[in-house]
Structures are given as C-alpha cells and as structure tokens.
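What follows is target_18.pdb (PDB, C-alpha atoms and all ligand atoms).
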```pdb
ATOM      1  CA  MET A   1      15.246  18.550  -6.784
ATOM      2  CA  ALA A   2      15.595  17.008  -3.317
ATOM      3  CA  SER A   3      12.863  14.635  -2.134
ATOM      4  CA  HIS A   4      11.216  14.572   1.279
ATOM      5  CA  SER A   5      11.845  11.533   3.472
ATOM      6  CA  ALA A   6       8.962   9.032   3.492
ATOM      7  CA  GLN A   7      10.193   7.709   6.817
ATOM      8  CA  ASP A   8      10.029  11.126   8.523
ATOM      9  CA  PHE A   9       6.651  11.815   6.921
ATOM     10  CA  TYR A  10       5.029   8.602   8.179
ATOM     11  CA  ASP A  11       6.743   8.762  11.574
ATOM     12  CA  GLN A  12       5.126  12.190  12.011
ATOM     13  CA  LEU A  13       1.749  11.166  10.578
ATOM     14  CA  THR A  14       1.417   7.935  12.575
ATOM     15  CA  GLU A  15      -0.621   9.330  15.481
ATOM     16  CA  ASP A  16      -3.143  10.978  13.095
ATOM     17  CA  TYR A  17      -3.079   8.372  10.300
ATOM     18  CA  HIS A  18      -6.531   6.932  11.093
ATOM     19  CA  LEU A  19      -8.004  10.416  10.526
ATOM     20  CA  ILE A  20      -7.510  10.134   6.765
ATOM     21  CA  TYR A  21     -10.349   7.577   6.893
ATOM     22  CA  ALA A  22     -14.010   8.381   7.481
ATOM     23  CA  ASP A  23     -14.003   5.429   9.918
ATOM     24  CA  TRP A  24     -10.665   3.607  10.129
ATOM     25  CA  SER A  25     -11.956   0.728  12.225
ATOM     26  CA  LYS A  26     -14.667  -0.133   9.680
ATOM     27  CA  SER A  27     -12.126   0.168   6.862
ATOM     28  CA  VAL A  28      -9.870  -2.381   8.563
ATOM     29  CA  SER A  29     -12.701  -4.930   8.405
ATOM     30  CA  ARG A  30     -13.824  -3.950   4.891
ATOM     31  CA  GLN A  31     -10.298  -4.067   3.418
ATOM     32  CA  GLY A  32      -9.502  -7.320   5.239
ATOM     33  CA  ASN A  33     -12.649  -8.931   3.811
ATOM     34  CA  ALA A  34     -11.885  -7.776   0.273
ATOM     35  CA  LEU A  35      -8.238  -8.891   0.367
ATOM     36  CA  ASP A  36      -9.024 -12.239   2.006
ATOM     37  CA  ALA A  37     -11.614 -12.978  -0.715
ATOM     38  CA  LEU A  38      -9.087 -12.041  -3.419
ATOM     39  CA  ILE A  39      -6.361 -14.207  -1.882
ATOM     40  CA  ARG A  40      -8.719 -17.187  -1.515
ATOM     41  CA  ARG A  41      -9.823 -16.792  -5.117
ATOM     42  CA  HIS A  42      -6.209 -17.192  -6.236
ATOM     43  CA  LEU A  43      -4.806 -19.675  -3.737
ATOM     44  CA  GLY A  44      -7.928 -21.609  -2.708
ATOM     45  CA  GLY A  45      -8.034 -23.598   0.545
ATOM     46  CA  ALA A  46      -9.272 -22.506   3.929
ATOM     47  CA  GLU A  47      -6.097 -22.928   5.995
ATOM     48  CA  PRO A  48      -4.457 -19.827   7.483
ATOM     49  CA  LEU A  49      -1.662 -18.482   5.275
ATOM     50  CA  ASP A  50       1.686 -16.848   6.054
ATOM     51  CA  VAL A  51       1.204 -13.251   4.934
ATOM     52  CA  LEU A  52       3.787 -10.461   4.842
ATOM     53  CA  ASP A  53       2.440  -6.926   4.575
ATOM     54  CA  CYS A  54       5.678  -5.110   3.710
ATOM     55  CA  SER A  55       4.223  -1.579   3.976
ATOM     56  CA  CYS A  56       1.796  -2.225   6.819
ATOM     57  CA  GLY A  57       1.603   1.318   8.174
ATOM     58  CA  ILE A  58      -0.631   1.349  11.250
ATOM     59  CA  GLY A  59      -2.040  -2.042  10.184
ATOM     60  CA  THR A  60      -5.099  -1.266   8.054
ATOM     61  CA  GLN A  61      -4.780  -4.376   5.872
ATOM     62  CA  ALA A  62      -2.535  -6.477   8.153
ATOM     63  CA  ILE A  63      -5.055  -6.388  11.003
ATOM     64  CA  GLY A  64      -7.996  -6.998   8.657
ATOM     65  CA  LEU A  65      -6.252 -10.122   7.326
ATOM     66  CA  ALA A  66      -5.274 -11.260  10.840
ATOM     67  CA  GLU A  67      -8.995 -11.160  11.636
ATOM     68  CA  HIS A  68      -9.434 -13.842   8.958
ATOM     69  CA  GLY A  69      -6.997 -16.080  10.836
ATOM     70  CA  HIS A  70      -3.904 -15.530   8.703
ATOM     71  CA  ARG A  71      -0.454 -15.534  10.320
ATOM     72  CA  ILE A  72       0.638 -11.946   9.777
ATOM     73  CA  VAL A  73       3.994 -10.224   9.723
ATOM     74  CA  GLY A  74       3.789  -6.485   9.123
ATOM     75  CA  SER A  75       6.858  -4.458   8.224
ATOM     76  CA  ASP A  76       7.150  -0.786   7.396
ATOM     77  CA  LEU A  77       9.816   1.852   6.793
ATOM     78  CA  SER A  78       8.303   3.837   9.659
ATOM     79  CA  GLN A  79       9.112   2.368  13.039
ATOM     80  CA  ALA A  80       6.397   4.513  14.641
ATOM     81  CA  ALA A  81       3.776   3.096  12.250
ATOM     82  CA  ALA A  82       4.921  -0.515  12.773
ATOM     83  CA  PHE A  83       4.791   0.032  16.528
ATOM     84  CA  ARG A  84       1.249   1.435  16.362
ATOM     85  CA  ALA A  85       0.162  -1.469  14.109
ATOM     86  CA  ALA A  86       1.211  -3.925  16.832
ATOM     87  CA  ALA A  87      -0.703  -1.932  19.464
ATOM     88  CA  GLU A  88      -3.827  -1.704  17.262
ATOM     89  CA  ALA A  89      -3.716  -5.452  16.575
ATOM     90  CA  GLN A  90      -3.526  -6.130  20.279
ATOM     91  CA  ARG A  91      -6.441  -3.748  20.901
ATOM     92  CA  ARG A  92      -8.540  -5.740  18.408
ATOM     93  CA  GLY A  93      -7.466  -9.046  19.916
ATOM     94  CA  VAL A  94      -5.486 -10.431  16.981
ATOM     95  CA  ALA A  95      -1.830 -11.391  16.557
ATOM     96  CA  ALA A  96       0.442  -9.513  14.173
ATOM     97  CA  ALA A  97       4.231  -9.404  14.503
ATOM     98  CA  THR A  98       5.475  -6.040  13.282
ATOM     99  CA  LEU A  99       8.880  -4.501  12.666
ATOM    100  CA  ALA A 100      10.616  -1.649  10.884
ATOM    101  CA  ALA A 101      12.068  -2.641   7.502
ATOM    102  CA  ASP A 102      12.592  -1.150   4.061
ATOM    103  CA  MET A 103      10.796  -3.176   1.379
ATOM    104  CA  ARG A 104      13.908  -2.795  -0.769
ATOM    105  CA  ALA A 105      15.913  -4.863   1.757
ATOM    106  CA  LEU A 106      13.509  -7.222   3.502
ATOM    107  CA  PRO A 107      15.088  -8.994   6.505
ATOM    108  CA  PHE A 108      13.358 -12.356   5.923
ATOM    109  CA  ALA A 109      14.609 -15.721   4.689
ATOM    110  CA  ASP A 110      13.846 -16.766   1.115
ATOM    111  CA  ALA A 111      10.402 -18.305   0.518
ATOM    112  CA  SER A 112       9.028 -17.389   3.959
ATOM    113  CA  PHE A 113       5.504 -16.330   2.942
ATOM    114  CA  ASP A 114       2.507 -17.564   0.947
ATOM    115  CA  VAL A 115       1.402 -14.002   0.250
ATOM    116  CA  VAL A 116       3.345 -10.751   0.051
ATOM    117  CA  LEU A 117       1.231  -7.609   0.146
ATOM    118  CA  SER A 118       1.916  -3.896  -0.251
ATOM    119  CA  ALA A 119      -1.252  -1.802  -0.164
ATOM    120  CA  ASP A 120      -2.477   1.756  -0.575
ATOM    121  CA  ASN A 121       0.080   3.108  -2.993
ATOM    122  CA  ALA A 122       3.199   2.541  -0.899
ATOM    123  CA  LEU A 123       5.040   1.866  -4.174
ATOM    124  CA  ALA A 124       4.550   5.523  -5.097
ATOM    125  CA  HIS A 125       7.320   6.225  -2.592
ATOM    126  CA  MET A 126       9.676   4.294  -4.903
ATOM    127  CA  LEU A 127      10.822   7.277  -6.933
ATOM    128  CA  THR A 128      12.828   5.426  -9.605
ATOM    129  CA  GLU A 129      12.457   2.218 -11.610
ATOM    130  CA  ASP A 130      15.482   0.862  -9.731
ATOM    131  CA  ASP A 131      13.678   1.394  -6.402
ATOM    132  CA  VAL A 132      10.649  -0.547  -7.697
ATOM    133  CA  ARG A 133      12.926  -3.297  -9.044
ATOM    134  CA  ARG A 134      14.685  -3.655  -5.698
ATOM    135  CA  ALA A 135      11.364  -3.793  -3.851
ATOM    136  CA  VAL A 136       9.811  -6.344  -6.240
ATOM    137  CA  ASP A 137      13.008  -8.455  -6.229
ATOM    138  CA  ASN A 138      12.752  -8.632  -2.431
ATOM    139  CA  MET A 139       9.066  -9.562  -2.610
ATOM    140  CA  ARG A 140       9.897 -12.276  -5.173
ATOM    141  CA  ARG A 141      12.658 -13.638  -2.945
ATOM    142  CA  VAL A 142      10.521 -13.955   0.201
ATOM    143  CA  VAL A 143       7.337 -15.306  -1.425
ATOM    144  CA  ARG A 144       7.079 -19.070  -1.909
ATOM    145  CA  ASP A 145       6.761 -20.658  -5.327
ATOM    146  CA  GLY A 146       3.018 -21.170  -5.717
ATOM    147  CA  GLY A 147       2.352 -18.060  -3.626
ATOM    148  CA  LEU A 148       0.829 -14.708  -4.488
ATOM    149  CA  LEU A 149       1.920 -11.083  -4.802
ATOM    150  CA  VAL A 150      -0.762  -8.481  -4.021
ATOM    151  CA  LEU A 151      -0.158  -4.763  -4.637
ATOM    152  CA  SER A 152      -2.640  -1.921  -4.543
ATOM    153  CA  ALA A 153      -1.942   1.436  -6.132
ATOM    154  CA  LYS A 154      -3.637   4.688  -6.916
ATOM    155  CA  ASP A 155      -4.926   5.037 -10.475
ATOM    156  CA  TYR A 156      -3.591   8.511 -11.285
ATOM    157  CA  GLY A 157      -5.498   8.651 -14.573
ATOM    158  CA  ASP A 158      -4.555  11.935 -16.229
ATOM    159  CA  ALA A 159      -3.337  13.587 -12.996
ATOM    160  CA  ARG A 160       0.290  13.446 -14.130
ATOM    161  CA  GLN A 161      -0.364  14.967 -17.539
ATOM    162  CA  ALA A 162      -2.758  17.535 -16.135
ATOM    163  CA  ARG A 163      -0.337  18.245 -13.250
ATOM    164  CA  ARG A 164      -3.253  18.046 -10.828
ATOM    165  CA  GLN A 165      -2.686  20.401  -7.917
ATOM    166  CA  SER A 166      -4.763  18.954  -5.074
ATOM    167  CA  THR A 167      -6.888  16.088  -3.782
ATOM    168  CA  VAL A 168     -10.531  16.178  -2.728
ATOM    169  CA  PRO A 169     -10.813  16.991   1.005
ATOM    170  CA  GLN A 170     -11.738  14.082   3.293
ATOM    171  CA  VAL A 171     -13.902  15.058   6.278
ATOM    172  CA  THR A 172     -13.726  12.746   9.288
ATOM    173  CA  ASP A 173     -15.810  12.910  12.459
ATOM    174  CA  SER A 174     -13.391  12.560  15.364
ATOM    175  CA  ASP A 175     -14.133  12.716  19.107
ATOM    176  CA  ALA A 176     -12.988  16.351  19.059
ATOM    177  CA  GLY A 177     -15.087  17.310  15.993
ATOM    178  CA  GLN A 178     -14.558  17.313  12.235
ATOM    179  CA  VAL A 179     -11.049  16.815  10.814
ATOM    180  CA  VAL A 180     -10.329  17.833   7.219
ATOM    181  CA  THR A 181      -7.481  16.239   5.227
ATOM    182  CA  PHE A 182      -6.286  17.099   1.737
ATOM    183  CA  GLN A 183      -3.048  17.237  -0.252
ATOM    184  CA  LEU A 184      -1.413  19.934  -2.374
ATOM    185  CA  TRP A 185       0.785  18.544  -5.158
ATOM    186  CA  HIS A 186       3.914  20.224  -6.567
ATOM    187  CA  TRP A 187       5.197  18.523  -9.713
ATOM    188  CA  HIS A 188       8.773  17.872 -10.818
ATOM    189  CA  ASP A 189       9.319  17.144 -14.546
ATOM    190  CA  ASP A 190       9.382  13.342 -14.435
ATOM    191  CA  GLY A 191       6.094  12.262 -12.834
ATOM    192  CA  VAL A 192       7.513  12.858  -9.367
ATOM    193  CA  TYR A 193       5.662  15.277  -7.098
ATOM    194  CA  ASP A 194       6.167  16.676  -3.619
ATOM    195  CA  PHE A 195       3.015  16.916  -1.593
ATOM    196  CA  ASP A 196       1.864  18.895   1.392
ATOM    197  CA  HIS A 197      -0.405  16.682   3.457
ATOM    198  CA  VAL A 198      -2.661  19.188   5.200
ATOM    199  CA  GLN A 199      -4.857  18.388   8.192
ATOM    200  CA  LEU A 200      -7.211  20.867   9.826
ATOM    201  CA  LEU A 201      -8.017  19.856  13.381
ATOM    202  CA  PRO A 202     -10.798  21.509  15.405
ATOM    203  CA  ASP A 203      -9.495  23.927  18.027
ATOM    204  CA  GLY A 204     -12.362  25.757  19.754
ATOM    205  CA  ASP A 205     -13.873  28.061  17.142
ATOM    206  CA  THR A 206     -10.798  27.902  14.910
ATOM    207  CA  TRP A 207      -8.522  25.252  13.344
ATOM    208  CA  GLN A 208      -5.125  23.893  14.172
ATOM    209  CA  VAL A 209      -3.263  23.261  10.904
ATOM    210  CA  ARG A 210      -0.798  20.376  10.542
ATOM    211  CA  VAL A 211       1.287  20.139   7.384
ATOM    212  CA  ARG A 212       3.646  17.253   6.626
ATOM    213  CA  ARG A 213       5.629  16.883   3.397
ATOM    214  CA  ALA A 214       6.585  13.835   1.327
ATOM    215  CA  THR A 215       7.489  12.921  -2.257
ATOM    216  CA  SER A 216       5.833  10.370  -4.536
ATOM    217  CA  ARG A 217       5.888   9.254  -8.145
ATOM    218  CA  ALA A 218       2.658   8.959 -10.109
ATOM    219  CA  TRP A 219       3.319   5.539 -11.632
ATOM    220  CA  ALA A 220       0.953   4.449 -14.385
ATOM    221  CA  LEU A 221      -0.589   1.080 -13.475
ATOM    222  CA  GLU A 222       0.871  -0.505 -16.588
ATOM    223  CA  GLU A 223       4.380   0.762 -15.730
ATOM    224  CA  LEU A 224       4.151  -1.082 -12.396
ATOM    225  CA  ALA A 225       2.758  -4.216 -14.077
ATOM    226  CA  GLU A 226       5.652  -4.218 -16.539
ATOM    227  CA  LEU A 227       8.246  -3.975 -13.753
ATOM    228  CA  VAL A 228       6.518  -6.781 -11.817
ATOM    229  CA  ARG A 229       6.629  -9.000 -14.950
ATOM    230  CA  GLU A 230      10.269  -8.119 -15.542
ATOM    231  CA  ARG A 231      11.247  -9.203 -11.998
ATOM    232  CA  GLY A 232       9.993 -12.772 -12.079
ATOM    233  CA  PHE A 233       6.211 -12.790 -11.810
ATOM    234  CA  GLY A 234       3.603 -14.076 -14.244
ATOM    235  CA  ASN A 235      -0.203 -13.853 -14.514
ATOM    236  CA  VAL A 236       0.174 -10.169 -13.705
ATOM    237  CA  THR A 237      -3.355  -8.760 -13.544
ATOM    238  CA  TRP A 238      -4.884  -5.520 -12.362
ATOM    239  CA  HIS A 239      -8.303  -5.944 -10.777
ATOM    240  CA  GLY A 240     -10.572  -2.927 -10.947
ATOM    241  CA  ALA A 241     -11.893  -1.705  -7.614
ATOM    242  CA  GLU A 242     -15.431  -3.003  -8.279
ATOM    243  CA  GLU A 243     -14.125  -6.503  -9.006
ATOM    244  CA  GLY A 244     -12.043  -6.867  -5.849
ATOM    245  CA  ARG A 245     -14.348  -4.756  -3.668
ATOM    246  CA  PHE A 246     -11.202  -2.857  -2.681
ATOM    247  CA  PHE A 247     -11.065   0.928  -2.876
ATOM    248  CA  GLN A 248      -8.056   0.911  -5.215
ATOM    249  CA  PRO A 249      -6.991  -1.187  -8.208
ATOM    250  CA  VAL A 250      -5.240  -4.343  -6.963
ATOM    251  CA  LEU A 251      -2.520  -6.189  -8.861
ATOM    252  CA  THR A 252      -2.123  -9.924  -8.373
ATOM    253  CA  ALA A 253       0.799 -11.918  -9.740
ATOM    254  CA  ARG A 254       2.203 -15.427  -9.337
ATOM    255  CA  PRO A 255       5.927 -16.153  -8.963
ATOM    256  CA  VAL A 256       7.463 -17.657 -12.067
ATOM    257  CA  VAL A 257       9.316 -20.686 -10.759
ATOM    258  CA  ARG A 258      13.091 -20.414 -10.935
ATOM    259  CA  PRO A 259      15.230 -20.931 -12.978
ATOM    260  CA  ALA A 260      12.818 -19.776 -15.676
ATOM    261  CA  HIS A 261      12.330 -16.202 -14.467
ATOM    262  CA  PRO A 262      15.651 -14.498 -15.391
ATOM    263  CA  THR A 263      15.257 -15.312 -19.089
ATOM    264  CA  HIS A 264      11.496 -15.284 -19.558
ATOM    265  CA  ILE A 265      10.128 -11.809 -20.014
ATOM    266  CA  PRO A 266       6.521 -11.945 -21.238
ATOM    267  CA  SER A 267       5.524  -9.411 -23.834
ATOM    268  CA  ARG A 268       3.810  -6.162 -22.856
ATOM    269  CA  GLN A 269       0.026  -6.352 -22.649
ATOM    270  CA  GLY A 270      -2.323  -3.512 -21.990
ATOM    271  CA  HIS A 271      -4.714  -3.973 -19.082
ATOM    272  CA  LYS A 272      -7.528  -1.524 -19.408
ATOM    273  CA  LEU A 273      -9.419  -0.857 -16.225
ATOM    274  CA  PRO A 274     -13.145  -0.333 -16.511
ATOM    275  CA  ASN A 275     -14.557   3.029 -15.601
ATOM    276  CA  HIS A 276     -16.397   2.798 -12.329
ATOM    277  CA  ARG A 277     -17.039   4.370  -9.002
ATOM    278  CA  SER A 278     -14.623   2.996  -6.396
ATOM    279  CA  PRO A 279     -15.860   1.474  -3.152
ATOM    280  CA  SER A 280     -14.921   3.656  -0.206
ATOM    281  CA  ARG A 281     -11.561   3.144   1.479
TER     282      ARG A 281
HETATM  283  C1  LIG B 301      -0.138   5.271   2.256
HETATM  284  S1  LIG B 301       0.694   4.397   3.515
HETATM  285  C2  LIG B 301      -0.203   2.859   3.558
HETATM  286  C3  LIG B 301       0.017   2.106   4.844
HETATM  287  C4  LIG B 301      -0.901   0.893   5.027
HETATM  288  N1  LIG B 301      -0.738  -0.064   3.959
HETATM  289  C5  LIG B 301      -2.335   1.373   5.141
HETATM  290  O1  LIG B 301      -3.069   1.338   4.145
HETATM  291  O2  LIG B 301      -2.714   1.810   6.225
HETATM  292  C6  LIG B 301       2.206   3.935   2.744
HETATM  293  C7  LIG B 301       3.145   3.188   3.669
HETATM  294  O3  LIG B 301       4.300   2.792   2.929
HETATM  295  C8  LIG B 301       5.397   2.842   3.802
HETATM  296  N2  LIG B 301       6.619   2.886   3.023
HETATM  297  C9  LIG B 301       7.073   3.871   2.210
HETATM  298  N3  LIG B 301       8.262   3.535   1.701
HETATM  299  C10 LIG B 301       8.569   2.294   2.180
HETATM  300  C11 LIG B 301       9.671   1.417   2.037
HETATM  301  N4  LIG B 301      10.734   1.757   1.277
HETATM  302  N5  LIG B 301       9.645   0.239   2.691
HETATM  303  C12 LIG B 301       8.591  -0.098   3.492
HETATM  304  N6  LIG B 301       7.539   0.703   3.681
HETATM  305  C13 LIG B 301       7.522   1.885   3.030
HETATM  306  C14 LIG B 301       5.149   4.099   4.609
HETATM  307  O4  LIG B 301       5.935   4.166   5.784
HETATM  308  C15 LIG B 301       3.647   4.003   4.849
HETATM  309  O5  LIG B 301       3.346   3.353   6.051
END
```
File written out as structure tokens:
Amino acid sequence: MASHSAQDFYDQLTEDYHLIYADWSKSVSRQGNALDALIRRHLGGAEPLDVLDCSCGIGTQAIGLAEHGHRIVGSDLSQAAAFRAAAEAQRRGVAAATLAADMRALPFADASFDVVLSADNALAHMLTEDDVRRAVDNMRRVVRDGGLLVLSAKDYGDARQARRQSTVPQVTDSDAGQVVTFQLWHWHDDGVYDFDHVQLLPDGDTWQVRVRRATSRAWALEELAELVRERGFGNVTWHGAEEGRFFQPVLTARPVVRPAHPTHIPSRQGHKLPNHRSPSR
C-alpha cells in the first residue's frame, strides 16, 4: 500500500501545528526545562552545549533548549516547519539556526554536536528498520564521542495489536474559539498505519474541517532501543514520562567509541516502563 508523504503533511500542517497543543508557548518552556534537566543529568557541567534537533518541526524543543542557553541547530524534513521554527525563535528572542534536512542524510560534519535530539515520535515516520538504521547512523556520525542521543517516542502500548482506530480529541482555545484535533488510524498489516489528522476550526456557528494525511509505524519502544544499540550506542535507556518530566518516554544513549561499535552488539534487555499518568505535552 502506498504511504503518504511526511514532508507534504508537515508542510501543510505547519501554520496550524501549535493548535495541537493546549498552549504551545507554555509547552515550549515546559519541554525545554525537562530536556535540559535530562541532558545535564547525563552530561553534567553548566556550559552551553552544541545541540542538533534533527526533527525540530516548528521548534517546540529546539526553542525551549535555546532558552537554556544552548547553541541550537534545528533541521527538519519540512522546509515550512524549519522556516517557522526560525521565526518563532526570533519572536522569543533566542537564536536557533534552522534548515531543511532529512535525518537519514544529515548535512553536517562528523562529530559536530554534543547532543542529538529527535522528539515527539518523529521516528514513527521511519516506516522500515532500514529507515531507522539510516537515521540512527547519521545521528551517531554527527554526535561527538562523549555526547548524548535523546529520542522521544509515543508508547503505543497495545494500540497496534488492538488496531486502535482513533486518538482522544485535543481541545485548544485559540483567538478564534475552540479548535478540536484528533486522528483516525487505518492499519496496514505490518504495524504501519495511515492517519487522517482532523482539525475542526470555528467558523461562525459551524466548523471548518481540515484533514491532512500521513503514514506512521507504531514502533514498540524496545524495537527502537534495539536498533539504537545495534547502530553504535550504549547505555540505551528509556525514561518513563514521570521520571523525565517529559510528556512522552525519552530514550537516552551514549555513543560507543569507535572502533568498538561495529563488532560490539550488547544483548537484548527488556526495559519495562512503569505505569503512570503522563505529564501534559
Ligand atoms: C510530530 S512532529 C514533531 C516536531 C517537533 N519535534 C515538535 O515536537 O514540535 C514530527 C516531525 O518530524 C519531521 N520528520 C519526519 N520525517 C523526517 C525525516 N526523515 N527527517 C527529518 N525530519 C522528519 C516532520 O517534518 C515533523 O516536523
């Protein structure tokens, strides 16, 4: 079955992206605080770090981390999103260089960054193991030895097995009134699903309906951890949302220093996440 282009989807969604949050501006600060604390816990120090957010979108995490003084580069498949991220950073008075780039072919020199980040389930747009491998290989190449990989992903739980059909509607108060966002999921046979991203926007006493389509894969957290281990990272750990104060599980991993990584493949370990209520996005 054909998949829908992530690039087209996010190019089209860019102008409304903040509406999937109850309050995007507050989330920028909250997510920046949570990620900065997590990074400091792993790398220590108080100096600003070179951080690449390789799926920065409109800048939710990149701007939050820039507000902690880090030197930020944000890249994204969607040029429209990367462009808006730069504008939003400027509006908030912080610096963030942004550009369009596919995380599977990052246009940066080896060992350019202390931290490489990809947040809010961007990896779900990698539809095959080879896509994930290419993305993680690029992250490994551009992160410095001694640096940190940070990924956040949706915990699908039993959604894949149960072939869940929809998400819970998010209601956002916008200047024009309430906006409602939800997704309808249409499953293929291999954990891949197409989704209709539906937004209802107030229009007098009726609604304007916007529907955009994309395709994702419901990766199990342990499948992602295994691929990250396989591609040259160690200390691969999922942090539950309550631990990192982030709204999604966050994986941290440290580069295994070359030349050890091609031959050293640590054995599979289960990482059970505690049951808890997630902090809000
Ligand atoms: C759910 S959004 C999250 C964006 C941002 N991290 C945030 O939380 O606001 C997923 C992002 O991944 C980006 N993306 C998808 N596939 C990508 C790829 N191959 N390379 C780089 N970015 C990609 C999309 O364009 C989109 O901006």
Report, as JSON, the axis-aligned box around all atoms of ligand LIG 301 (chain B) present in the file, extended by 8 Å on each side; give centre and edge lengths in Å to one decimal place.
```
{"center_x": 3.8, "center_y": 2.6, "center_z": 3.8, "size_x": 29.8, "size_y": 21.4, "size_z": 20.9}
```
Can I get the residues close to ligand LIG 301 (chain B) as JSON, numbers by chain, where close means within 8 Å and we count only C-alpha atoms and all ligand atoms?
-> {"A": [6, 7, 9, 10, 11, 17, 53, 54, 55, 56, 57, 58, 59, 60, 61, 62, 75, 76, 77, 78, 81, 82, 100, 101, 102, 103, 104, 118, 119, 120, 121, 122, 123, 124, 125, 126, 135]}
Which neighbours of Thr237 (chain A) fall inside 8 Å, counting all atoms listed in the file, when residues of the same chain fewer than 4 positions from it are skipped, and could you give them as number ranges by chain?
-> A: 225, 251-253, 271
Counting only C-alpha atoms, find the residues whose atoms lie at most 8 Å from (10.7, -12.5, -1.7) (file coordinates) and write them out as a list in words.
->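 Neighbouring residues, ordered by chain and number, come to Leu106, Asp110, Ala111, Ser112, Phe113, Val116, Val136, Asp137, Asn138, Met139, Arg140, Arg141, Val142, Val143 and Arg144 of chain A.
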Would you please work out which residue, of A:Ala95, A:Val236, A:Leu38, A:Leu49, is nearest to Ala66 (chain A) when using only C-alpha atoms?
->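 For Ala66 (chain A), the nearest of the given residues is A:Ala95.
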Skip region 22-25 of chain A itself and residues of its chain fewer than 5 positions away, then list as a ChimeraX atom specification all residues within 7 Å of it, counting all atoms listed in the file.
-> /A:171-173
Write out as CSV a residue-level contact list of region 148-184 of chain A versus region 189-202 of chain A with cut-off 7 Å: for each qualifying residue the closest pair of atoms and the distance in Å to one decimal, counting all atoms listed in the file, rows sorted by chain and residue number upward.
```
residue,atom,partner,partner_atom,distance
A:Arg160,CA,A:Gly191,CA,6.1
A:Ala176,CA,A:Pro202,CA,6.7
A:Gly177,CA,A:Pro202,CA,6.0
A:Gln178,CA,A:Pro202,CA,6.5
A:Val179,CA,A:Leu201,CA,5.0
A:Val180,CA,A:Leu200,CA,5.1
A:Thr181,CA,A:Gln199,CA,4.5
A:Phe182,CA,A:Val198,CA,5.4
A:Gln183,CA,A:His197,CA,4.6
A:Leu184,CA,A:Asp196,CA,5.1
```
Excluding Gly93 (chain A) and residues on its chain fewer than 3 positions from it, collect all residues at most 12 Å away from it, counting only C-alpha atoms, and give them as a VMD selection string.
-> chain A and resid 63 to 64 66 to 67 69 86 to 90 96
Counting all atoms listed in the file, figure out which residue out of A:Gly157, A:Pro169, A:Gly32, A:Pro107 gets nearest to Leu221 (chain A).
->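 Checking each of A:Gly157, A:Pro169, A:Gly32, A:Pro107 against Leu221 (chain A), counting all atoms listed in the file, the winner is A:Gly157.
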Quick one: distance from CA of Arg212 (chain A) to CA of Thr128 (chain A) in Å, one decimal?
-> 22.1 Å
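Interatomic distance, CA of Ser3 (chain A) against CA of Arg133 (chain A): 19.2 Å.
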